[in-house]
$ cat entry.cif   # mmCIF, C-alpha atoms
data_data
loop_
_atom_site.label_atom_id
_atom_site.label_comp_id
_atom_site.auth_asym_id
_atom_site.auth_seq_id
_atom_site.Cartn_x
_atom_site.Cartn_y
_atom_site.Cartn_z
CA MET A 257 11.45 24.98 -21.26
CA VAL A 258 9.80 26.21 -18.07
CA THR A 259 7.81 22.99 -17.67
CA THR A 260 10.92 20.83 -17.94
CA LEU A 261 12.65 23.02 -15.36
CA LEU A 262 9.64 22.63 -13.08
CA GLN A 263 9.64 18.89 -13.64
CA TRP A 264 13.35 18.65 -12.87
CA THR A 265 12.87 20.67 -9.69
CA PHE A 266 9.97 18.49 -8.62
CA ASP A 267 11.88 15.27 -9.31
CA ALA A 268 15.00 16.50 -7.54
CA LEU A 269 12.93 17.62 -4.54
CA LEU A 270 11.14 14.26 -4.48
CA GLY A 271 14.43 12.36 -4.55
CA LEU A 272 15.93 14.49 -1.79
CA VAL A 273 12.87 14.12 0.41
CA LEU A 274 12.90 10.34 -0.14
CA LEU A 275 16.54 10.18 0.96
CA TRP A 276 15.86 12.41 3.95
CA LEU A 277 12.84 10.36 5.05
CA ALA A 278 14.82 7.14 4.79
CA TRP A 279 17.62 8.65 6.87
CA ARG A 280 15.24 9.96 9.55
CA SER A 281 13.36 6.67 9.68
CA LEU A 282 16.57 4.75 10.33
CA ALA A 283 18.17 7.26 12.69
CA SER A 284 15.34 7.97 15.10
CA THR A 285 15.29 6.24 18.47
CA ASP A 286 11.51 6.18 18.80
CA LEU A 287 10.26 3.09 16.96
CA PHE A 288 6.79 4.53 16.44
CA LYS A 289 8.28 7.57 14.74
CA SER A 290 10.39 5.30 12.53
CA ILE A 291 7.32 3.39 11.41
CA VAL A 292 5.33 6.54 10.64
CA LEU A 293 8.24 7.95 8.64
CA PHE A 294 8.48 4.62 6.81
CA ILE A 295 4.81 4.88 5.84
CA ALA A 296 5.38 8.42 4.56
CA PHE A 297 8.41 7.12 2.65
CA GLY A 298 6.24 4.48 1.01
CA LEU A 299 3.70 7.07 -0.09
CA LEU A 300 6.35 9.30 -1.63
CA MET A 301 7.86 6.25 -3.32
CA ALA A 302 4.45 5.66 -4.92
CA LEU A 303 4.66 9.25 -6.18
CA ALA A 304 8.12 8.49 -7.60
CA TRP A 305 6.76 5.44 -9.42
CA ALA A 306 3.95 7.59 -10.85
CA ARG A 307 6.58 10.07 -12.09
CA LEU A 308 8.34 7.16 -13.81
CA ASP A 309 5.12 6.33 -15.72
CA ALA A 310 4.56 3.07 -13.81
CA PRO A 311 1.03 3.42 -12.38
CA ASP A 312 0.63 -0.32 -11.61
CA ILE A 313 3.69 -0.32 -9.37
CA ALA A 314 2.59 3.00 -7.86
CA ILE A 315 -0.76 1.49 -6.81
CA ALA A 316 0.94 -1.63 -5.43
CA GLU A 317 3.53 0.46 -3.55
CA ALA A 318 0.89 2.69 -1.98
CA ALA A 319 -1.35 -0.22 -1.00
CA ILE A 320 1.19 -2.86 0.09
CA GLY A 321 4.42 -0.95 0.67
CA ALA A 322 2.98 1.99 2.57
CA GLY A 323 -0.36 0.77 3.81
CA LEU A 324 -0.21 -2.89 4.63
CA THR A 325 3.48 -3.02 5.59
CA GLY A 326 2.87 -0.04 7.86
CA ALA A 327 0.01 -1.88 9.55
CA LEU A 328 2.19 -5.00 9.93
CA LEU A 329 5.02 -2.94 11.45
CA LEU A 330 2.64 -1.23 13.89
CA GLY A 331 1.25 -4.63 14.87
CA ALA A 332 4.80 -5.85 15.44
CA LEU A 333 5.53 -2.79 17.60
CA ALA A 334 2.39 -3.44 19.66
CA ARG A 335 3.40 -7.06 20.18
CA LEU A 336 6.94 -5.98 21.07
CA ARG A 337 5.66 -3.52 23.66
CA ALA A 338 3.31 -6.12 25.12
CA VAL A 339 6.13 -8.64 25.46
CA VAL A 340 8.73 -6.18 26.71
CA ASN A 341 6.48 -4.37 29.18
CA GLU A 342 6.33 -7.53 31.20
CA GLU A 343 10.05 -7.15 31.77
CA GLY A 344 9.78 -3.43 32.40
CA VAL A 345 12.02 -2.24 29.56
CA THR A 346 10.88 0.22 26.91
CA PRO A 347 11.65 -0.80 23.32
CA GLN A 348 14.09 1.57 21.79
CA GLN A 349 15.95 1.47 18.55
CA GLN A 350 19.69 1.88 18.91
CA PRO A 351 20.58 4.92 16.89
CA LEU A 352 22.45 3.64 13.90
CA LEU A 353 25.46 5.88 14.29
CA ARG A 354 26.54 4.89 17.75
CA ARG A 355 27.13 1.21 17.16
CA PHE A 356 29.83 1.15 14.49
CA PRO A 357 32.92 3.30 13.92
CA VAL A 358 31.68 6.06 11.69
CA TRP A 359 34.01 5.44 8.78
CA LEU A 360 33.11 1.76 8.21
CA PRO A 361 29.56 2.09 6.86
CA ALA A 362 30.55 5.34 5.15
CA ILE A 363 33.25 3.54 3.13
CA LEU A 364 30.90 0.66 2.27
CA LEU A 365 28.19 3.10 1.18
CA LEU A 366 30.63 5.08 -0.95
CA TRP A 367 31.80 1.87 -2.59
CA VAL A 368 28.24 0.77 -3.42
CA ALA A 369 27.34 4.27 -4.59
CA ALA A 370 30.41 4.39 -6.88
CA GLY A 371 29.48 1.02 -8.37
CA LEU A 372 25.90 2.11 -8.97
CA ALA A 373 27.01 5.41 -10.51
CA TYR A 374 29.32 3.54 -12.89
CA VAL A 375 26.55 1.16 -13.94
CA VAL A 376 24.06 3.99 -14.48
CA ALA A 377 26.61 6.01 -16.47
CA ALA A 378 27.40 2.98 -18.63
CA LEU A 379 23.74 2.48 -19.62
CA PRO A 380 22.90 3.21 -23.27
CA PRO A 381 21.18 6.60 -23.65
CA TYR A 382 18.04 5.07 -25.12
CA ALA A 383 17.04 1.84 -23.41
CA VAL A 384 16.02 -0.83 -25.89
CA GLY A 385 13.94 -2.88 -23.49
CA LEU A 386 11.33 -5.46 -24.34
CA SER A 387 8.34 -3.21 -24.93
CA ALA A 388 8.47 -3.88 -28.70
CA GLN A 389 8.22 -7.65 -28.27
CA VAL A 390 5.48 -7.27 -25.64
CA ALA A 391 3.47 -5.01 -27.94
CA ALA A 392 3.91 -7.42 -30.83
CA ASN A 393 2.57 -10.36 -28.83
CA LEU A 394 -0.10 -8.47 -26.88
CA ASP A 395 -2.95 -9.75 -29.04
CA ALA A 396 -2.10 -13.36 -28.31
CA SER A 397 -1.83 -12.79 -24.58
CA GLY A 398 -5.54 -12.43 -23.82
CA VAL A 399 -5.41 -8.99 -22.18
CA SER A 400 -4.69 -5.51 -23.50
CA ASN A 401 -2.69 -4.08 -20.60
CA PRO A 402 1.00 -4.90 -21.25
CA VAL A 403 1.85 -5.07 -17.53
CA THR A 404 -0.85 -7.64 -16.86
CA ALA A 405 0.20 -9.56 -19.97
CA VAL A 406 3.77 -9.77 -18.70
CA LEU A 407 2.80 -10.61 -15.10
CA LEU A 408 0.19 -13.24 -15.83
CA ASN A 409 1.13 -14.66 -19.20
CA PHE A 410 4.65 -14.07 -20.44
CA ARG A 411 6.29 -14.25 -17.00
CA ALA A 412 3.58 -16.12 -15.13
CA TYR A 413 6.25 -18.33 -13.60
CA ASP A 414 7.55 -15.39 -11.53
CA THR A 415 4.03 -14.58 -10.31
CA LEU A 416 3.56 -18.22 -9.33
CA LEU A 417 6.72 -18.06 -7.25
CA GLU A 418 5.62 -14.77 -5.68
CA MET A 419 2.36 -16.30 -4.51
CA VAL A 420 4.16 -19.26 -3.00
CA VAL A 421 6.53 -16.87 -1.22
CA LEU A 422 3.54 -15.02 0.26
CA LEU A 423 2.13 -18.31 1.52
CA LEU A 424 5.49 -19.24 3.03
CA ALA A 425 5.63 -15.86 4.81
CA LEU A 426 2.23 -16.58 6.33
CA LEU A 427 3.39 -20.03 7.46
CA ALA A 428 6.43 -18.47 9.11
CA VAL A 429 4.27 -15.91 10.95
CA TRP A 430 1.87 -18.67 12.00
CA SER A 431 4.70 -20.71 13.39
CA LEU A 432 5.72 -17.76 15.59
CA ASP A 433 2.13 -17.47 16.88
CA ILE A 434 2.21 -14.17 18.78
CA PRO A 435 -1.41 -13.05 19.16
CA LEU A 436 -2.66 -9.54 18.43
CA ALA A 437 -3.54 -8.07 21.81
CA GLY A 438 -5.15 -4.83 22.89
CA VAL A 439 -8.17 -4.81 20.60
CA ALA A 440 -11.35 -3.85 22.44
CA ALA A 441 -14.12 -6.42 22.33
CA ALA A 442 -16.70 -3.90 21.14
CA PRO A 443 -15.57 -1.08 18.84
CA GLY A 444 -16.64 2.49 19.53
CA LEU A 445 -19.35 4.11 17.47
CA ILE A 446 -16.99 5.83 15.03
CA LEU A 447 -14.90 2.76 14.27
CA ASP A 448 -18.06 0.70 13.97
CA THR A 449 -19.61 3.12 11.47
CA LEU A 450 -16.37 3.55 9.57
CA SER A 451 -15.90 -0.16 9.09
CA ARG A 452 -19.53 -0.67 8.10
CA GLN A 453 -19.23 2.04 5.45
CA LEU A 454 -15.72 1.30 4.22
CA VAL A 455 -15.54 -2.49 4.00
CA PRO A 456 -18.23 -2.87 1.28
CA ILE A 457 -16.61 0.01 -0.63
CA LEU A 458 -13.21 -1.67 -0.31
CA ILE A 459 -14.58 -4.97 -1.62
CA LEU A 460 -16.14 -3.11 -4.55
CA VAL A 461 -12.88 -1.27 -5.27
CA ALA A 462 -10.99 -4.57 -5.16
CA ALA A 463 -13.38 -6.11 -7.68
CA TYR A 464 -13.04 -3.01 -9.87
CA LEU A 465 -9.22 -3.10 -9.74
CA LEU A 466 -9.32 -6.78 -10.64
CA TRP A 467 -11.59 -6.19 -13.63
CA VAL A 468 -9.83 -3.08 -14.88
CA GLY A 469 -6.41 -4.75 -14.74
CA ALA A 470 -7.11 -6.34 -18.10
CA HIS A 471 -6.93 -3.03 -19.98
CA ALA A 472 -5.65 -0.37 -17.58
CA PRO A 473 -3.41 -0.15 -14.50
CA GLY A 474 -4.68 -2.56 -11.90
CA GLY A 475 -4.49 -6.29 -11.42
CA ALA A 476 -4.55 -9.13 -8.96
CA PHE A 477 -1.94 -7.92 -6.45
CA GLN A 478 -3.41 -4.44 -6.18
CA ALA A 479 -6.94 -5.80 -5.78
CA GLY A 480 -5.73 -8.40 -3.27
CA SER A 481 -4.00 -5.75 -1.19
CA VAL A 482 -7.22 -3.66 -1.07
CA LEU A 483 -9.05 -6.78 0.12
CA GLY A 484 -6.31 -7.31 2.70
CA ALA A 485 -6.83 -3.74 3.91
CA ALA A 486 -10.55 -4.47 4.32
CA GLY A 487 -9.63 -7.54 6.36
CA VAL A 488 -7.25 -5.51 8.54
CA LEU A 489 -10.00 -2.93 9.19
CA LEU A 490 -12.41 -5.70 10.18
CA LEU A 491 -9.85 -7.29 12.49
CA LEU A 492 -9.26 -3.93 14.18
CA THR A 493 -12.95 -3.67 15.10
CA GLY A 494 -12.66 -6.96 16.96
CA TRP A 495 -14.32 -9.10 14.29
CA ARG A 496 -13.05 -12.66 14.15
CA LEU A 497 -13.67 -15.43 11.66
CA PRO A 498 -16.64 -17.60 12.69
CA PRO A 499 -15.31 -20.86 14.17
CA ARG A 500 -16.86 -23.08 11.51
CA LEU A 501 -14.81 -21.25 8.84
CA GLU A 502 -11.56 -21.26 10.79
CA GLY A 503 -10.33 -24.71 9.96
CA LEU A 504 -10.45 -26.19 6.51
CA PRO A 505 -12.29 -23.38 4.63
CA LEU A 506 -9.71 -20.76 5.65
CA ARG A 507 -6.84 -23.02 4.63
CA MET A 508 -8.54 -23.86 1.35
CA ILE A 509 -8.86 -20.17 0.48
CA LEU A 510 -5.25 -19.48 1.46
CA VAL A 511 -3.94 -22.31 -0.71
CA ALA A 512 -6.39 -21.69 -3.56
CA GLY A 513 -4.26 -19.00 -5.22
CA PRO A 514 -0.97 -20.90 -5.52
CA GLY A 515 -2.87 -24.16 -5.90
CA VAL A 516 -4.86 -23.10 -8.95
CA PHE A 517 -1.72 -21.57 -10.40
CA VAL A 518 0.18 -24.84 -9.98
CA ALA A 519 -2.74 -26.79 -11.42
CA ILE A 520 -2.81 -24.58 -14.51
CA ALA A 521 0.96 -24.91 -14.81
CA VAL A 522 0.70 -28.71 -14.72
CA LEU A 523 -2.17 -28.70 -17.21
CA THR A 524 -0.36 -26.47 -19.70
CA THR A 525 2.80 -28.54 -19.38
CA LEU A 526 0.85 -31.71 -20.11
CA THR A 527 -1.12 -30.29 -23.04
CA SER A 528 1.46 -28.17 -24.80
CA GLY A 529 4.80 -29.38 -23.48
CA GLN A 530 5.85 -25.92 -22.25
CA LEU A 531 5.45 -24.67 -18.67
CA LEU A 532 2.62 -22.11 -18.45
CA GLN A 533 2.17 -21.84 -22.21
CA TYR A 534 -1.45 -20.70 -22.54
CA PRO A 535 -3.32 -21.61 -25.73
CA PRO A 536 -4.04 -18.16 -27.27
CA VAL A 537 -7.77 -18.83 -27.59
CA GLN A 538 -8.26 -19.54 -23.87
CA ALA A 539 -5.55 -17.20 -22.61
CA GLY A 540 -8.00 -14.46 -21.59
CA LEU A 541 -10.20 -16.89 -19.69
CA LEU A 542 -7.24 -18.49 -17.93
CA ILE A 543 -5.92 -15.09 -16.87
CA VAL A 544 -9.34 -14.09 -15.48
CA ILE A 545 -9.59 -17.31 -13.47
CA LEU A 546 -6.04 -16.97 -12.18
CA GLU A 547 -6.50 -13.31 -11.24
CA THR A 548 -9.79 -13.87 -9.41
CA VAL A 549 -8.52 -16.75 -7.32
CA ALA A 550 -5.23 -14.94 -6.70
CA THR A 551 -7.03 -11.79 -5.53
CA VAL A 552 -9.11 -13.60 -2.92
CA SER A 553 -6.14 -15.66 -1.80
CA ILE A 554 -3.80 -12.65 -1.50
CA GLY A 555 -6.41 -10.64 0.40
CA VAL A 556 -7.02 -13.38 2.95
CA THR A 557 -3.27 -14.05 3.27
CA LEU A 558 -2.50 -10.40 3.99
CA ALA A 559 -5.28 -10.15 6.59
CA ALA A 560 -4.06 -13.37 8.20
CA LEU A 561 -0.51 -11.94 8.23
CA PHE A 562 -1.80 -8.96 10.16
CA PHE A 563 -3.71 -11.14 12.62
CA GLY A 564 -0.59 -13.19 13.23
CA SER A 565 -1.77 -16.27 15.03
CA PRO A 566 -3.21 -19.37 13.37
CA PRO A 567 -6.85 -20.25 14.05
CA ARG A 568 -7.28 -22.36 17.15
CA GLY A 569 -8.27 -25.83 16.14
CA LYS A 570 -11.06 -27.72 17.80
CA GLN A 571 -8.67 -29.53 20.08
CA HIS A 572 -7.71 -26.26 21.82
CA GLN A 573 -11.27 -25.44 22.83
CA MET B 38 -3.96 28.44 -22.06
CA THR B 39 -7.70 28.11 -22.18
CA LEU B 40 -10.21 29.17 -19.55
CA SER B 41 -10.37 25.67 -18.07
CA ASP B 42 -6.57 25.68 -17.70
CA TYR B 43 -6.65 29.00 -15.84
CA SER B 44 -9.47 27.97 -13.54
CA ALA B 45 -7.80 24.62 -12.86
CA ALA B 46 -4.56 26.42 -12.01
CA VAL B 47 -6.35 28.80 -9.63
CA LEU B 48 -8.19 25.95 -7.90
CA LEU B 49 -5.03 23.86 -7.58
CA LEU B 50 -3.11 26.79 -6.11
CA ALA B 51 -5.92 27.48 -3.64
CA GLY B 52 -5.89 23.83 -2.60
CA ALA B 53 -2.14 23.91 -2.17
CA PHE B 54 -2.49 27.02 0.00
CA PHE B 55 -4.95 25.20 2.28
CA PHE B 56 -2.59 22.22 2.52
CA LEU B 57 0.20 24.61 3.46
CA ALA B 58 -2.00 26.13 6.15
CA GLY B 59 -2.83 22.69 7.53
CA THR B 60 0.81 21.68 7.63
CA LEU B 61 1.70 24.96 9.35
CA GLY B 62 -0.94 24.16 11.93
CA LEU B 63 0.52 20.67 12.37
CA LEU B 64 3.93 22.12 13.03
CA ARG B 65 3.02 25.09 15.18
CA PHE B 66 -0.01 24.19 17.30
CA PRO B 67 0.67 23.30 20.93
CA ASP B 68 -1.00 19.91 21.45
CA VAL B 69 -2.34 16.91 19.59
CA TYR B 70 -5.99 17.96 19.64
CA THR B 71 -5.48 21.35 18.02
CA ARG B 72 -3.10 19.78 15.52
CA LEU B 73 -5.70 17.20 14.52
CA HIS B 74 -8.29 19.93 14.18
CA ALA B 75 -6.10 22.04 11.89
CA LEU B 76 -4.94 19.06 9.86
CA THR B 77 -8.33 17.52 9.18
CA LYS B 78 -10.21 20.70 8.36
CA ALA B 79 -7.55 22.28 6.18
CA ASP B 80 -6.64 19.07 4.38
CA ASN B 81 -10.26 18.23 3.57
CA VAL B 82 -10.89 21.65 2.04
CA GLY B 83 -7.52 21.59 0.31
CA LEU B 84 -8.20 18.17 -1.21
CA GLY B 85 -11.67 19.33 -2.28
CA LEU B 86 -10.21 22.31 -4.14
CA ILE B 87 -7.51 20.15 -5.76
CA VAL B 88 -10.12 17.58 -6.82
CA LEU B 89 -12.23 20.40 -8.27
CA GLY B 90 -9.23 21.72 -10.16
CA LEU B 91 -8.47 18.24 -11.58
CA ALA B 92 -12.13 17.57 -12.36
CA VAL B 93 -12.26 20.73 -14.48
CA GLN B 94 -9.57 19.20 -16.68
CA ALA B 95 -10.84 15.61 -16.52
CA GLN B 96 -11.37 13.77 -19.76
CA SER B 97 -14.86 12.50 -19.00
CA TRP B 98 -17.65 12.73 -16.45
CA ALA B 99 -16.71 9.28 -15.17
CA ALA B 100 -13.19 10.44 -14.35
CA ALA B 101 -14.52 13.55 -12.60
CA GLY B 102 -16.98 11.38 -10.67
CA LYS B 103 -14.16 9.11 -9.56
CA LEU B 104 -12.18 12.12 -8.34
CA VAL B 105 -15.14 13.37 -6.29
CA LEU B 106 -15.58 9.85 -4.89
CA ILE B 107 -11.94 9.87 -3.80
CA TRP B 108 -12.53 13.18 -1.99
CA LEU B 109 -15.63 11.82 -0.23
CA LEU B 110 -13.74 8.71 0.89
CA VAL B 111 -10.87 10.83 2.23
CA LEU B 112 -13.42 12.96 4.10
CA LEU B 113 -14.92 9.84 5.70
CA ALA B 114 -11.61 8.23 6.57
CA GLY B 115 -9.93 11.46 7.70
CA ALA B 116 -12.70 12.51 10.04
CA SER B 117 -13.05 9.04 11.57
CA VAL B 118 -9.32 8.50 11.99
CA SER B 119 -8.77 11.91 13.58
CA HIS B 120 -11.55 11.13 16.05
CA LEU B 121 -9.94 7.77 16.84
CA VAL B 122 -6.52 9.36 17.33
CA ALA B 123 -7.97 12.03 19.63
CA ARG B 124 -9.84 9.39 21.63
CA ALA B 125 -6.70 7.27 21.98
CA ALA B 126 -4.75 10.35 23.12
CA LEU B 127 -7.48 11.13 25.67
CA HIS B 128 -7.39 7.59 27.01
CA ARG B 129 -3.65 7.82 27.34
CA GLY B 130 -4.03 10.96 29.42
CA VAL B 131 -2.56 13.52 27.04
CA ARG B 132 -3.56 16.85 28.57
CA TRP B 133 -4.82 19.62 26.34
CA TRP B 134 -2.98 22.88 26.13
CA ARG B 135 -4.02 25.70 28.38
CA ARG B 136 -2.85 29.24 27.97
#
$ encode --input "entry.cif" --output "structure tokens"
Amino acid sequence: MVTTLLQWTFDALLGLVLLWLAWRSLASTDLFKSIVLFIAFGLLMALAWARLDAPDIAIAEAAIGAGLTGALLLGALARLRAVVNEEGVTPQQQPLLRRFPVWLPAILLLWVAAGLAYVVAALPPYAVGLSAQVAANLDASGVSNPVTAVLLNFRAYDTLLEMVVLLLALLAVWSLDIPLAGVAAAPGLILDTLSRQLVPILILVAAYLLWVGAHAPGGAFQAGSVLGAAGVLLLLTGWRLPPRLEGLPLRMILVAGPGVFVAIAVLTTLTSGQLLQYPPVQAGLLIVILETVATVSIGVTLAALFFGSPPRGKQHQ
Amino acid sequence: MTLSDYSAAVLLLAGAFFFLAGTLGLLRFPDVYTRLHALTKADNVGLGLIVLGLAVQAQSWAAAGKLVLIWLLVLLAGASVSHLVARAALHRGVRWWRR
């Protein structure tokens, strides 16, 4: 009885702090403070996912939602300051409350909240869900972690679309082409040592997450985001891709993830008539191939997203 | 409650106390350098005690080893990042607090 009361208190406190962090992040005028509060929000959201017994999503939220998105937002703020300082204006977020009449967003929010409350109250007390069917077909899927089985076998089509969306996001950022400024040419001793120690560990952790995703929480997106974090750390020390790898090899790695996925989709459609229907004997092997290529591709895509500008081709030199 | 439960509870509470002290330092100290000092030291010790408390109740030596590895990584990253933040603040001209 006491433990459930403690759990309820913890969950209620977590929910309230999440709401409060979201409010403070939106309502503060200092953009840097907003970004830091957003990162803290992402970390507490990972805690909420862990409380909901979803460790895969918790890892992905902590790595991508809090970590990498925070780095991307800080990079955007740096670029914004660099652009705006030329005009002599300081970037400032308009506090949300002053722009609209107060009652308009309040009424909209109340409406949405009432709709959500009705939907949640109308849910059956015990959710039926699909876990029974997933468990029944887990042996034929090639892996023993149900989340990985759903992501990379039963609903592989959604993962294929996600990877293409990530590539499209990178293309959009490349088309904007705002370079990352303000990085010293030679990193200080501490940053140098930190990156030398951490990057091999990060690569090892990414490989471990990739391997362990077959039977425990982990998987391609989590491993790819850890690789992306290693790339961001390298970029912050001033490291750049060697020029002979900037052209075709970089683009081949970026496209490899979605490309291999599409190739496997075409192959399975031709051999079995159904899109992404893996033969049960080779399902494990196919998933391993897909996950490995996806991890490398996602990692390089996320690092390239942080860097922001496309590699200069030979004609620019 | 067995002995390992009691010792884990004591260690976890001690770690939480250190985290509380570090957060109090973050809120109450006058400038960024003293805040970094309080935060890094107290949080490292606090995390070490919490990791010890969890390792006492871990299911296997591998799990306990992974917990200790997490603590070592946080030590490395925390110390380096606090140094970088202090150096950036110094370059920006943030003066340290004098009485």
$ residues_around --input "entry.cif" --residues "Leu110 in chain B" --least-positions-apart "5" --cutoff "10 Å" --atoms "all atoms listed in the file" --output "list in words"
Gln453, Leu454 and Ile457 of chain A; Leu104, Val105, Gly115 and Ala116 of chain B
$ resolve_selection --input "entry.cif" --expression "the PyMOL selection byres ((chain B and resi 111) around 12)" --output "list of chain:residue names"
A:Leu450, A:Leu454, B:Thr77, B:Lys78, B:Asp80, B:Asn81, B:Val82, B:Gly83, B:Leu84, B:Gly85, B:Val88, B:Leu104, B:Val105, B:Leu106, B:Ile107, B:Trp108, B:Leu109, B:Leu110, B:Leu112, B:Leu113, B:Ala114, B:Gly115, B:Ala116, B:Ser117, B:Val118, B:Ser119
$ closest_residue --input "entry.cif" --among "A:Asp448, A:Glu502, A:Asp267, A:Asp286" --to "chain B" --atoms "all atoms listed in the file"
A:Asp448
$ resolve_selection --input "entry.cif" --expression "the PyMOL selection byres ((chain B and resi 54-60) around 12)" --output "ChimeraX atom specification"
/B:47-53,61-66,71-87
$ write_last_selection --input "entry.cif" --atoms "C-alpha atoms" --output "short mmCIF file (atom, residue, chain, number, x, y, z; two decimals), keeping the file's coordinate frame"
data_model
loop_
_atom_site.label_atom_id
_atom_site.label_comp_id
_atom_site.auth_asym_id
_atom_site.auth_seq_id
_atom_site.Cartn_x
_atom_site.Cartn_y
_atom_site.Cartn_z
CA VAL B 47 -6.35 28.80 -9.63
CA LEU B 48 -8.19 25.95 -7.90
CA LEU B 49 -5.03 23.86 -7.58
CA LEU B 50 -3.11 26.79 -6.11
CA ALA B 51 -5.92 27.48 -3.64
CA GLY B 52 -5.89 23.83 -2.60
CA ALA B 53 -2.14 23.91 -2.17
CA LEU B 61 1.70 24.96 9.35
CA GLY B 62 -0.94 24.16 11.93
CA LEU B 63 0.52 20.67 12.37
CA LEU B 64 3.93 22.12 13.03
CA ARG B 65 3.02 25.09 15.18
CA PHE B 66 -0.01 24.19 17.30
CA THR B 71 -5.48 21.35 18.02
CA ARG B 72 -3.10 19.78 15.52
CA LEU B 73 -5.70 17.20 14.52
CA HIS B 74 -8.29 19.93 14.18
CA ALA B 75 -6.10 22.04 11.89
CA LEU B 76 -4.94 19.06 9.86
CA THR B 77 -8.33 17.52 9.18
CA LYS B 78 -10.21 20.70 8.36
CA ALA B 79 -7.55 22.28 6.18
CA ASP B 80 -6.64 19.07 4.38
CA ASN B 81 -10.26 18.23 3.57
CA VAL B 82 -10.89 21.65 2.04
CA GLY B 83 -7.52 21.59 0.31
CA LEU B 84 -8.20 18.17 -1.21
CA GLY B 85 -11.67 19.33 -2.28
CA LEU B 86 -10.21 22.31 -4.14
CA ILE B 87 -7.51 20.15 -5.76
#
$ closest_residue --input "entry.cif" --among "A:Val522, A:Ala383, A:Ala391, A:Val455" --to "Leu491 in chain A" --atoms "all atoms listed in the file"
A:Val455
$ closest_residue --input "entry.cif" --among "B:Gly90, B:Leu121, B:Pro67, B:Tyr43" --to "Arg136 in chain B" --atoms "all atoms listed in the file"
B:Pro67
$ decode --input "entry.cif" --residues "range 75-86 of chain B" --atoms "N, CA and C atoms" --output "JSON list (two decimals), in the first residue's frame"
[["chain", "number", "residue", "atom", "x", "y", "z"],
["B", 75, "ALA", "N", 30.35, 23.39, -6.87],
["B", 75, "ALA", "CA", 29.43, 22.66, -6.01],
["B", 75, "ALA", "C", 28.74, 21.55, -6.79],
["B", 76, "LEU", "N", 28.28, 21.89, -8.01],
["B", 76, "LEU", "CA", 27.50, 20.93, -8.78],
["B", 76, "LEU", "C", 28.33, 19.69, -9.12],
["B", 77, "THR", "N", 29.54, 19.92, -9.64],
["B", 77, "THR", "CA", 30.31, 18.77, -10.11],
["B", 77, "THR", "C", 30.71, 17.87, -8.96],
["B", 78, "LYS", "N", 31.27, 18.48, -7.89],
["B", 78, "LYS", "CA", 31.74, 17.64, -6.79],
["B", 78, "LYS", "C", 30.60, 16.86, -6.17],
["B", 79, "ALA", "N", 29.52, 17.59, -5.80],
["B", 79, "ALA", "CA", 28.45, 16.92, -5.07],
["B", 79, "ALA", "C", 27.76, 15.89, -5.95],
["B", 80, "ASP", "N", 27.55, 16.22, -7.25],
["B", 80, "ASP", "CA", 26.85, 15.27, -8.09],
["B", 80, "ASP", "C", 27.67, 14.04, -8.36],
["B", 81, "ASN", "N", 29.00, 14.17, -8.47],
["B", 81, "ASN", "CA", 29.81, 12.98, -8.70],
["B", 81, "ASN", "C", 29.74, 12.04, -7.52],
["B", 82, "VAL", "N", 29.89, 12.59, -6.30],
["B", 82, "VAL", "CA", 29.81, 11.74, -5.11],
["B", 82, "VAL", "C", 28.42, 11.15, -4.97],
["B", 83, "GLY", "N", 27.41, 12.00, -5.21],
["B", 83, "GLY", "CA", 26.03, 11.52, -5.09],
["B", 83, "GLY", "C", 25.77, 10.37, -6.06],
["B", 84, "LEU", "N", 26.21, 10.53, -7.32],
["B", 84, "LEU", "CA", 26.00, 9.47, -8.29],
["B", 84, "LEU", "C", 26.76, 8.22, -7.90],
["B", 85, "GLY", "N", 27.99, 8.39, -7.34],
["B", 85, "GLY", "CA", 28.75, 7.23, -6.90],
["B", 85, "GLY", "C", 28.02, 6.45, -5.82],
["B", 86, "LEU", "N", 27.43, 7.16, -4.86],
["B", 86, "LEU", "CA", 26.70, 6.48, -3.78],
["B", 86, "LEU", "C", 25.46, 5.80, -4.33]]
